[in-house]
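One structure below.
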Amino acid sequence: MTKQPKVYVAIMAGGIGSRFWPMSRTNRPKQFLDVLNTGQTLIQLTVERYLKFCPLENIYIVTNEDYVSLVKEQIPGLSDDQILAEPVRRNTAPCISYVSQKIYKKNPEAKIIVTPSDHLILKEDKFVEAMKQGLAFIENKDVLLTIGIKPTRPDTGYGYIQHDEEVENKVYKVKAFTEKPEKELAKTFIKSGDFLWNSGTFIWSAKAINQAIAEHIPSVHEAISSCIDDFFTANEAKAISPAYAQCTSISIDYGVMEKANNAYVLPAEFGWSDIGTWTSLYDVYDKDYLKNAVLGNQVQIFDGSDNMIVAPKDKLVVINGLNDYCVIDTEDVLMIFKKDREQEVKKITSSLKTKKLDKYL
């Protein structure tokens with residue numbers, strides 16, 4: 001796929017990855033970590049993936065202002081204008097409004113792929129094919145396209161998209177969104193065959209998404225619009241701070257996609273994982289003959305199977321008699337939990353905060 005001058009990529013990299021604690025920390029969240037042990041961080045792998053068809057000058061990264069230095073360190077070659085610093089976290093809708101209005105100012109004909117910074121794609125050729133198909137679908141259309149992943153299990157940690165009839169070249173009209181269902185409902189979704197995992201990756205024109213946000217979340221659109229004259233100037237950061245203070249914290253799914261009548265989904269299979277939890281990392285790691293996934297040079301397992309073990313490189317960790325557990329050992333935190341209780345990690349971090357143990361977060 002040749003590089004297209006009208007194609008832009010907006011990478012969302014401001015989250016703290018709380019479900020991936022204690023490896024992911026507030027000062028260095030998972031997108032800036034080499035969690036796959038490849039020698040590259042997740043955000044580096046993401047940028048590299050899009051460079052196959054998008055020039056570096058068309059890649060924009062939206063992150064928290066605390067992580068700007070990390071972005072510059074890990075993605076050299078970006079201009080300051082390509083790194084959008086959010087003064088506070090306001091979920092994905094303000095983030096997408098900010099980057100979309102800025103890109104629109106530069107190129108009103110821009111087509112934008114919006115993507116998280118910390119997902120895994122195993123089949124990159126199929127991924128590029130899906131992006132090419134999505135970009136072709138939105139050409140000259142006022143549509144909002146999301147990439148749906150064919151589910152392999154009734155996972156309760158993902159959002160689901162129910163699709164309606166096929167409209168064009170395996171693209172479907174969206175019927176409904178459901179956020180993180182209970183286990184039994186997720187099983188029903190899988191059986192029905194018309195539900196997909198919500199990958200959090202979107203393709204649309206800058207014009208279409210700006211119009212949609214203006215229609216469905218006008219307060220967000222108006223707040224960001226107040227800064228347009230300051231985009232690409234030295235005053236941008238100063239202007240965006242009060243604008244963000246006016247924005248409600250809302251996701252693009254709740255704020256726009258669930259309300260829009262021009263939402264479509266493209267089902268895809270390219271070895272996707274959001275690496276959002278320890279079990280999702282377990283699923284993609286190499287395993288021994290007892291199905292233990294291990295990151296660490298000195299881990300010894302006796303009478304144990306189906307475990308996810310993470311330990312400092314040269315620390316001796318001995319596991320005896322554990323099955324289906326996660327054992328996550330960092331320099332200052334040890335966490336042990338059953339794999340089927342991984343969704344409680346976020347609650348644990350919230351509890352630690354109320355107990356004033358923030359230094360471990």
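Labels used: A, B, ... for chains in the order of the structure tokens, numbers from 1 for residues in each chain, and numbers from 1 for ligands as shown.
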Please report, as a tab-separated table, each residue of range 175-268 of chain A lying at most 12 Å from range 154-166 of chain A, together with the nearest pair of atoms and the separation in Å rounded to one decimal; use only C-alpha atoms, and order rows by chain and ascending residue number.
```
residue	atom	partner	partner_atom	distance
A:Lys175	CA	A:His163	CA	4.9
A:Ala176	CA	A:Gln162	CA	5.1
A:Phe177	CA	A:Ile161	CA	4.7
A:Thr178	CA	A:Tyr160	CA	5.1
A:Glu179	CA	A:Gly159	CA	4.2
A:Lys180	CA	A:Gly159	CA	4.8
A:Pro181	CA	A:Thr156	CA	5.5
A:Glu182	CA	A:Thr156	CA	6.0
A:Lys183	CA	A:Thr156	CA	5.9
A:Glu184	CA	A:Pro154	CA	8.1
A:Leu185	CA	A:Pro154	CA	8.3
A:Ala186	CA	A:Pro154	CA	4.8
A:Lys187	CA	A:Pro154	CA	5.1
A:Thr188	CA	A:Pro154	CA	8.3
A:Phe189	CA	A:Pro154	CA	7.7
A:Ile190	CA	A:Pro154	CA	6.4
A:Lys191	CA	A:Pro154	CA	9.4
A:Ser192	CA	A:Gln162	CA	9.6
A:Gly193	CA	A:Gln162	CA	9.0
A:Asp194	CA	A:Gln162	CA	5.6
A:Phe195	CA	A:Gln162	CA	4.4
A:Leu196	CA	A:Ile161	CA	5.1
A:Trp197	CA	A:Tyr160	CA	4.6
A:Asn198	CA	A:Gly159	CA	5.2
A:Ser199	CA	A:Gly159	CA	8.1
A:Gly200	CA	A:Gly159	CA	9.0
A:Asp253	CA	A:Gly159	CA	9.6
A:Tyr254	CA	A:Gly159	CA	11.2
A:Met257	CA	A:Ile161	CA	10.4
A:Glu258	CA	A:Ile161	CA	9.9
A:Ala263	CA	A:His163	CA	9.9
A:Tyr264	CA	A:His163	CA	8.0
A:Val265	CA	A:His163	CA	7.1
A:Leu266	CA	A:His163	CA	9.4
A:Pro267	CA	A:His163	CA	9.5
```
With N, CA and C atoms retained, export the selected residues as an mmCIF file, in the first residue's frame.
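Produced file result-v2.cif, reproduced below:
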```
data_model
loop_
_atom_site.group_PDB
_atom_site.id
_atom_site.type_symbol
_atom_site.label_atom_id
_atom_site.label_comp_id
_atom_site.auth_asym_id
_atom_site.auth_seq_id
_atom_site.Cartn_x
_atom_site.Cartn_y
_atom_site.Cartn_z
ATOM 1 N N LYS A 175 -25.796 -1.756 14.559
ATOM 2 C CA LYS A 175 -27.128 -1.834 15.165
ATOM 3 C C LYS A 175 -27.088 -1.343 16.612
ATOM 4 N N ALA A 176 -26.062 -1.763 17.376
ATOM 5 C CA ALA A 176 -25.993 -1.364 18.787
ATOM 6 C C ALA A 176 -24.599 -1.596 19.336
ATOM 7 N N PHE A 177 -24.266 -0.824 20.366
ATOM 8 C CA PHE A 177 -23.029 -0.999 21.126
ATOM 9 C C PHE A 177 -23.395 -1.488 22.524
ATOM 10 N N THR A 178 -22.606 -2.413 23.052
ATOM 11 C CA THR A 178 -22.786 -2.867 24.440
ATOM 12 C C THR A 178 -21.425 -2.872 25.114
ATOM 13 N N GLU A 179 -21.315 -2.183 26.229
ATOM 14 C CA GLU A 179 -20.035 -2.046 26.913
ATOM 15 C C GLU A 179 -19.862 -3.119 27.986
ATOM 16 N N LYS A 180 -18.844 -3.948 27.864
ATOM 17 C CA LYS A 180 -18.414 -4.920 28.880
ATOM 18 C C LYS A 180 -19.578 -5.668 29.533
ATOM 19 N N PRO A 181 -20.189 -6.587 28.801
ATOM 20 C CA PRO A 181 -21.351 -7.316 29.328
ATOM 21 C C PRO A 181 -20.955 -8.357 30.377
ATOM 22 N N GLU A 182 -21.952 -8.816 31.118
ATOM 23 C CA GLU A 182 -21.732 -9.940 32.034
ATOM 24 C C GLU A 182 -21.456 -11.203 31.216
ATOM 25 N N LYS A 183 -20.883 -12.212 31.897
ATOM 26 C CA LYS A 183 -20.418 -13.425 31.218
ATOM 27 C C LYS A 183 -21.524 -14.107 30.408
ATOM 28 N N GLU A 184 -22.696 -14.298 31.011
ATOM 29 C CA GLU A 184 -23.760 -15.017 30.314
ATOM 30 C C GLU A 184 -24.250 -14.255 29.083
ATOM 31 N N LEU A 185 -24.314 -12.921 29.197
ATOM 32 C CA LEU A 185 -24.719 -12.116 28.051
ATOM 33 C C LEU A 185 -23.669 -12.185 26.954
ATOM 34 N N ALA A 186 -22.399 -12.165 27.355
ATOM 35 C CA ALA A 186 -21.315 -12.277 26.374
ATOM 36 C C ALA A 186 -21.395 -13.607 25.624
ATOM 37 N N LYS A 187 -21.743 -14.672 26.336
ATOM 38 C CA LYS A 187 -21.907 -15.986 25.697
ATOM 39 C C LYS A 187 -23.022 -15.944 24.654
ATOM 40 N N THR A 188 -24.110 -15.243 24.996
ATOM 41 C CA THR A 188 -25.228 -15.094 24.057
ATOM 42 C C THR A 188 -24.793 -14.327 22.816
ATOM 43 N N PHE A 189 -24.001 -13.300 23.016
ATOM 44 C CA PHE A 189 -23.481 -12.512 21.896
ATOM 45 C C PHE A 189 -22.681 -13.397 20.937
ATOM 46 N N ILE A 190 -21.807 -14.227 21.517
ATOM 47 C CA ILE A 190 -20.942 -15.068 20.688
ATOM 48 C C ILE A 190 -21.791 -16.036 19.861
ATOM 49 N N LYS A 191 -22.799 -16.616 20.494
ATOM 50 C CA LYS A 191 -23.656 -17.593 19.810
ATOM 51 C C LYS A 191 -24.447 -16.954 18.678
ATOM 52 N N SER A 192 -24.835 -15.700 18.841
ATOM 53 C CA SER A 192 -25.690 -15.054 17.842
ATOM 54 C C SER A 192 -24.981 -14.858 16.508
ATOM 55 N N GLY A 193 -23.669 -14.629 16.568
ATOM 56 C CA GLY A 193 -22.895 -14.485 15.337
ATOM 57 C C GLY A 193 -22.891 -13.099 14.731
ATOM 58 N N ASP A 194 -23.663 -12.167 15.302
ATOM 59 C CA ASP A 194 -23.682 -10.816 14.720
ATOM 60 C C ASP A 194 -23.088 -9.770 15.665
ATOM 61 N N PHE A 195 -22.250 -10.228 16.582
ATOM 62 C CA PHE A 195 -21.556 -9.315 17.490
ATOM 63 C C PHE A 195 -20.049 -9.387 17.254
ATOM 64 N N LEU A 196 -19.409 -8.247 17.396
ATOM 65 C CA LEU A 196 -17.955 -8.129 17.234
ATOM 66 C C LEU A 196 -17.373 -7.406 18.440
ATOM 67 N N TRP A 197 -16.109 -7.655 18.714
ATOM 68 C CA TRP A 197 -15.419 -6.868 19.730
ATOM 69 C C TRP A 197 -15.149 -5.472 19.185
ATOM 70 N N ASN A 198 -15.271 -4.490 20.035
ATOM 71 C CA ASN A 198 -14.969 -3.109 19.656
ATOM 72 C C ASN A 198 -13.467 -2.882 19.828
ATOM 73 N N SER A 199 -12.757 -2.707 18.733
ATOM 74 C CA SER A 199 -11.293 -2.593 18.787
ATOM 75 C C SER A 199 -10.819 -1.211 19.229
ATOM 76 N N GLY A 200 -11.713 -0.214 19.177
ATOM 77 C CA GLY A 200 -11.293 1.144 19.517
ATOM 78 C C GLY A 200 -10.546 1.838 18.398
ATOM 79 N N ASP A 253 -17.369 6.509 22.089
ATOM 80 C CA ASP A 253 -18.424 5.501 21.911
ATOM 81 C C ASP A 253 -19.748 5.979 22.509
ATOM 82 N N TYR A 254 -19.701 6.400 23.781
ATOM 83 C CA TYR A 254 -20.916 6.901 24.434
ATOM 84 C C TYR A 254 -21.384 8.213 23.824
ATOM 85 N N MET A 257 -20.721 7.506 18.868
ATOM 86 C CA MET A 257 -21.006 6.297 18.081
ATOM 87 C C MET A 257 -22.353 5.673 18.427
ATOM 88 N N GLU A 258 -22.727 5.678 19.702
ATOM 89 C CA GLU A 258 -24.005 5.070 20.095
ATOM 90 C C GLU A 258 -25.204 5.884 19.624
ATOM 91 N N ALA A 263 -23.119 5.206 11.587
ATOM 92 C CA ALA A 263 -22.028 4.381 12.113
ATOM 93 C C ALA A 263 -22.018 3.029 11.413
ATOM 94 N N TYR A 264 -20.836 2.603 10.997
ATOM 95 C CA TYR A 264 -20.664 1.336 10.292
ATOM 96 C C TYR A 264 -19.507 0.572 10.919
ATOM 97 N N VAL A 265 -19.472 -0.735 10.663
ATOM 98 C CA VAL A 265 -18.399 -1.548 11.220
ATOM 99 C C VAL A 265 -17.830 -2.464 10.141
ATOM 100 N N LEU A 266 -16.515 -2.590 10.155
ATOM 101 C CA LEU A 266 -15.810 -3.504 9.256
ATOM 102 C C LEU A 266 -15.244 -4.649 10.085
ATOM 103 N N PRO A 267 -15.781 -5.867 9.951
ATOM 104 C CA PRO A 267 -15.219 -7.003 10.689
ATOM 105 C C PRO A 267 -13.821 -7.340 10.166
#
```
Taking the chain letters and numbering used in this document, name the residues of range 76-319 of chain A that DSSP puts in strand (DSSP E or B), as a ChimeraX atom specification. /A:83-86,111-116,120-121,144-149,160-168,171-178,195-205,263-268,272-273,293-295,299-302,305,308-310,317-319
Which residues are near Ser350 in chain A? Cut-off 12 Å, only C-alpha atoms, ignore same chain within fewer than 5 positions. Put them as a PyMOL selection string. chain A and resi 18-19+21+344-345+355-358+360-361
Please write the residues from the selection above to a file, keeping all heavy atoms, as a CSV table (one decimal), in the first residue's frame.
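Resulting contents of selection_10.csv:
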```csv
chain,number,residue,atom,x,y,z
A,18,SER,N,-4.4,1.1,34.0
A,18,SER,CA,-4.5,0.7,35.4
A,18,SER,C,-4.8,-0.8,35.5
A,18,SER,O,-4.4,-1.4,36.5
A,18,SER,CB,-5.7,1.5,36.1
A,18,SER,OG,-6.9,1.4,35.4
A,19,ARG,N,-5.4,-1.4,34.5
A,19,ARG,CA,-5.7,-2.9,34.6
A,19,ARG,C,-4.4,-3.7,34.4
A,19,ARG,O,-4.4,-4.9,34.6
A,19,ARG,CB,-6.7,-3.3,33.6
A,19,ARG,CG,-8.1,-2.8,33.9
A,19,ARG,CD,-9.1,-3.3,32.9
A,19,ARG,NE,-8.8,-2.9,31.5
A,19,ARG,CZ,-9.3,-3.5,30.4
A,19,ARG,NH1,-10.0,-4.6,30.5
A,19,ARG,NH2,-9.0,-3.0,29.2
A,21,TRP,N,-1.5,-2.8,35.9
A,21,TRP,CA,-0.7,-2.6,37.1
A,21,TRP,C,-0.3,-3.9,37.7
A,21,TRP,O,-1.1,-4.9,37.5
A,21,TRP,CB,-1.6,-1.8,38.1
A,21,TRP,CG,-0.8,-1.4,39.4
A,21,TRP,CD1,0.0,-0.3,39.6
A,21,TRP,CD2,-0.9,-2.1,40.6
A,21,TRP,NE1,0.5,-0.3,40.8
A,21,TRP,CE2,0.0,-1.4,41.5
A,21,TRP,CE3,-1.5,-3.2,41.1
A,21,TRP,CZ2,0.2,-1.8,42.8
A,21,TRP,CZ3,-1.3,-3.6,42.4
A,21,TRP,CH2,-0.4,-2.9,43.3
A,344,GLU,N,-10.6,-7.2,38.5
A,344,GLU,CA,-10.6,-6.5,39.8
A,344,GLU,C,-9.4,-5.7,40.0
A,344,GLU,O,-9.3,-4.9,41.0
A,344,GLU,CB,-10.7,-7.6,40.9
A,344,GLU,CG,-12.1,-8.3,40.9
A,344,GLU,CD,-12.1,-9.4,41.9
A,344,GLU,OE1,-11.4,-9.3,43.0
A,344,GLU,OE2,-12.9,-10.4,41.7
A,345,VAL,N,-8.4,-5.8,39.1
A,345,VAL,CA,-7.1,-5.1,39.3
A,345,VAL,C,-7.4,-3.6,39.3
A,345,VAL,O,-6.8,-2.8,40.2
A,345,VAL,CB,-6.1,-5.4,38.2
A,345,VAL,CG1,-4.9,-4.5,38.3
A,345,VAL,CG2,-5.7,-6.9,38.3
A,355,LYS,N,-6.2,4.6,50.2
A,355,LYS,CA,-5.3,4.3,51.3
A,355,LYS,C,-4.0,5.0,51.3
A,355,LYS,O,-3.1,4.7,52.1
A,355,LYS,CB,-5.1,2.8,51.4
A,355,LYS,CG,-6.4,2.0,51.7
A,355,LYS,CD,-6.1,0.5,51.6
A,355,LYS,CE,-7.4,-0.3,51.9
A,355,LYS,NZ,-7.2,-1.8,51.8
A,356,LYS,N,-3.9,6.0,50.4
A,356,LYS,CA,-2.8,6.9,50.3
A,356,LYS,C,-1.5,6.1,50.0
A,356,LYS,O,-0.4,6.4,50.5
A,356,LYS,CB,-2.6,7.8,51.5
A,356,LYS,CG,-3.8,8.7,51.7
A,356,LYS,CD,-3.7,9.6,52.9
A,356,LYS,CE,-4.9,10.5,53.0
A,356,LYS,NZ,-4.8,11.5,54.2
A,357,LEU,N,-1.6,5.1,49.1
A,357,LEU,CA,-0.5,4.3,48.7
A,357,LEU,C,-0.1,4.7,47.3
A,357,LEU,O,0.3,3.8,46.5
A,357,LEU,CB,-0.7,2.8,48.8
A,357,LEU,CG,-0.9,2.3,50.3
A,357,LEU,CD1,-1.4,0.9,50.3
A,357,LEU,CD2,0.4,2.4,51.0
A,358,ASP,N,-0.3,6.0,46.9
A,358,ASP,CA,-0.1,6.4,45.5
A,358,ASP,C,1.3,6.2,45.0
A,358,ASP,O,1.5,6.1,43.8
A,358,ASP,CB,-0.5,7.9,45.5
A,358,ASP,CG,-1.9,8.3,45.9
A,358,ASP,OD1,-2.2,8.0,47.0
A,358,ASP,OD2,-2.6,8.8,45.1
A,360,TYR,N,3.0,3.7,44.9
A,360,TYR,CA,3.1,2.4,44.2
A,360,TYR,C,2.3,2.4,42.9
A,360,TYR,O,2.3,1.4,42.2
A,360,TYR,CB,2.6,1.3,45.1
A,360,TYR,CG,3.4,1.2,46.4
A,360,TYR,CD1,2.9,1.6,47.6
A,360,TYR,CD2,4.7,0.6,46.3
A,360,TYR,CE1,3.7,1.5,48.8
A,360,TYR,CE2,5.5,0.5,47.5
A,360,TYR,CZ,5.0,0.9,48.7
A,360,TYR,OH,5.8,0.8,49.8
A,361,LEU,N,1.6,3.5,42.6
A,361,LEU,CA,0.8,3.5,41.4
A,361,LEU,C,1.5,4.2,40.3
A,361,LEU,O,1.1,4.2,39.2
A,361,LEU,CB,-0.6,4.2,41.7
A,361,LEU,CG,-1.4,3.5,42.8
A,361,LEU,CD1,-2.7,4.3,43.1
A,361,LEU,CD2,-1.8,2.1,42.4
```
Pick out the residues sitting within 6 Å of range 201-207 of chain A, and hand them over as a ChimeraX atom specification; count only C-alpha atoms, and ignore anything fewer than 6 positions along from it in its own chain. /A:100,104,110-115,144-147
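Taking only C-alpha atoms into account, Asn64 in chain A lies nearest to A:Ile16 out of the set A:Leu295, A:Val35, A:Ile96, A:Ile16.
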For Pro87 in chain A: contacts at 9 Å, only C-alpha atoms, fewer than 5 positions along chain excluded, given as a ChimeraX atom specification: /A:64-66,237,240-242,244-245
Resulting file, chosen residues, N, CA and C atoms, as a compact mmCIF listing (two decimals), in the first residue's frame:
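Contents of the output file selection-v7.txt:
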```
# COMPACT_ATOMS: atom_id res chain seq x y z
N ASN A 64 -1.01 12.69 27.45
CA ASN A 64 -1.07 13.60 28.59
C ASN A 64 0.21 14.45 28.60
N GLU A 65 0.10 15.67 29.06
CA GLU A 65 1.27 16.54 29.04
C GLU A 65 2.44 15.96 29.83
N ASP A 66 2.15 15.06 30.80
CA ASP A 66 3.22 14.43 31.57
C ASP A 66 4.05 13.45 30.74
N ALA A 237 -0.75 25.40 23.56
CA ALA A 237 -0.86 24.75 24.87
C ALA A 237 -1.60 25.63 25.87
N ILE A 240 -5.38 25.54 24.93
CA ILE A 240 -6.10 24.27 25.08
C ILE A 240 -6.41 23.97 26.54
N SER A 241 -5.66 24.53 27.47
CA SER A 241 -5.86 24.21 28.88
C SER A 241 -7.25 24.63 29.39
N PRO A 242 -7.67 25.88 29.23
CA PRO A 242 -9.03 26.24 29.67
C PRO A 242 -10.11 25.55 28.83
N TYR A 244 -10.01 22.46 27.67
CA TYR A 244 -10.18 21.11 28.23
C TYR A 244 -10.94 21.15 29.55
N ALA A 245 -10.72 22.21 30.31
CA ALA A 245 -11.42 22.34 31.60
C ALA A 245 -12.93 22.41 31.39
```
List the neighbours of range 225-228 of chain A out to 8 Å using only C-alpha atoms; skip same-chain residues closer than 2 positions along the sequence, and give me the result as a VMD selection string. chain A and resid 101 to 102 105 221 to 223 230 to 231 236 239 to 240 243
All helix (DSSP H, G or I) residues (DSSP, backbone) inside range 90-130 of chain A, as a short mmCIF file (atom, residue, chain, number, x, y, z; two decimals) with N, CA, C and O atoms, in the first residue's frame:
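Heads up, here's the output in states_19.cif:
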```cif
data_model
loop_
_atom_site.label_atom_id
_atom_site.label_comp_id
_atom_site.auth_asym_id
_atom_site.auth_seq_id
_atom_site.Cartn_x
_atom_site.Cartn_y
_atom_site.Cartn_z
N THR A 92 -11.95 9.76 25.62
CA THR A 92 -11.55 9.80 24.21
C THR A 92 -12.24 10.85 23.36
O THR A 92 -11.70 11.25 22.33
N ALA A 93 -13.43 11.30 23.73
CA ALA A 93 -14.13 12.26 22.85
C ALA A 93 -13.40 13.60 22.75
O ALA A 93 -13.16 14.09 21.63
N PRO A 94 -13.03 14.26 23.85
CA PRO A 94 -12.26 15.50 23.73
C PRO A 94 -10.91 15.29 23.02
O PRO A 94 -10.50 16.14 22.22
N CYS A 95 -10.28 14.17 23.30
CA CYS A 95 -9.01 13.83 22.65
C CYS A 95 -9.18 13.77 21.13
O CYS A 95 -8.39 14.36 20.38
N ILE A 96 -10.22 13.09 20.68
CA ILE A 96 -10.46 12.94 19.25
C ILE A 96 -10.90 14.26 18.63
O ILE A 96 -10.52 14.60 17.50
N SER A 97 -11.69 15.03 19.35
CA SER A 97 -12.09 16.35 18.86
C SER A 97 -10.88 17.25 18.65
O SER A 97 -10.75 17.94 17.62
N TYR A 98 -9.98 17.23 19.61
CA TYR A 98 -8.77 18.05 19.55
C TYR A 98 -7.94 17.71 18.31
O TYR A 98 -7.64 18.57 17.47
N VAL A 99 -7.58 16.44 18.16
CA VAL A 99 -6.70 16.07 17.05
C VAL A 99 -7.41 16.19 15.71
O VAL A 99 -6.79 16.59 14.71
N SER A 100 -8.71 15.93 15.67
CA SER A 100 -9.43 16.00 14.40
C SER A 100 -9.59 17.44 13.92
O SER A 100 -9.46 17.72 12.72
N GLN A 101 -9.86 18.35 14.84
CA GLN A 101 -9.97 19.75 14.44
C GLN A 101 -8.61 20.32 14.03
O GLN A 101 -8.52 21.13 13.10
N LYS A 102 -7.56 19.85 14.69
CA LYS A 102 -6.23 20.33 14.33
C LYS A 102 -5.82 19.82 12.95
O LYS A 102 -5.30 20.58 12.11
N ILE A 103 -6.08 18.54 12.69
CA ILE A 103 -5.76 17.99 11.37
C ILE A 103 -6.61 18.64 10.29
O ILE A 103 -6.12 18.94 9.19
N TYR A 104 -7.88 18.88 10.59
CA TYR A 104 -8.77 19.52 9.61
C TYR A 104 -8.24 20.91 9.23
O TYR A 104 -8.32 21.31 8.06
N LYS A 105 -7.71 21.62 10.22
CA LYS A 105 -7.16 22.95 9.92
C LYS A 105 -6.00 22.84 8.94
O LYS A 105 -5.84 23.68 8.05
N LYS A 106 -5.21 21.79 9.06
CA LYS A 106 -4.07 21.59 8.16
C LYS A 106 -4.52 21.09 6.80
O LYS A 106 -3.99 21.52 5.76
N GLU A 124 0.15 -8.40 10.37
CA GLU A 124 0.22 -7.02 9.92
C GLU A 124 -0.20 -6.86 8.45
O GLU A 124 -0.74 -5.82 8.08
N ASP A 125 0.01 -7.86 7.63
CA ASP A 125 -0.43 -7.77 6.23
C ASP A 125 -1.95 -7.67 6.17
O ASP A 125 -2.50 -6.86 5.41
N LYS A 126 -2.64 -8.49 6.97
CA LYS A 126 -4.11 -8.44 7.00
C LYS A 126 -4.59 -7.12 7.61
O LYS A 126 -5.63 -6.60 7.22
N PHE A 127 -3.83 -6.61 8.55
CA PHE A 127 -4.16 -5.32 9.16
C PHE A 127 -4.13 -4.22 8.10
O PHE A 127 -5.05 -3.41 7.99
N VAL A 128 -3.07 -4.19 7.31
CA VAL A 128 -2.94 -3.16 6.27
C VAL A 128 -4.08 -3.30 5.25
O VAL A 128 -4.65 -2.30 4.80
N GLU A 129 -4.44 -4.53 4.93
CA GLU A 129 -5.56 -4.75 4.01
C GLU A 129 -6.85 -4.17 4.57
O GLU A 129 -7.64 -3.54 3.85
N ALA A 130 -7.09 -4.38 5.87
CA ALA A 130 -8.30 -3.87 6.50
C ALA A 130 -8.31 -2.34 6.50
O ALA A 130 -9.35 -1.71 6.26
#
```
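Note that the spacing between CA of Asn58 in chain A and CA of Phe137 in chain A amounts to 20.2 Å.
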Range 301-312 of chain A environment, 6 Å, only C-alpha atoms, sequence neighbours closer than 5 positions dropped, as number ranges by chain: A: 282, 290-296, 318-329
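Distances to Asn37 in chain A were evaluated for A:Leu281, A:Val62, A:Met335, A:Val174 using only C-alpha atoms, and the minimum falls at A:Leu281.
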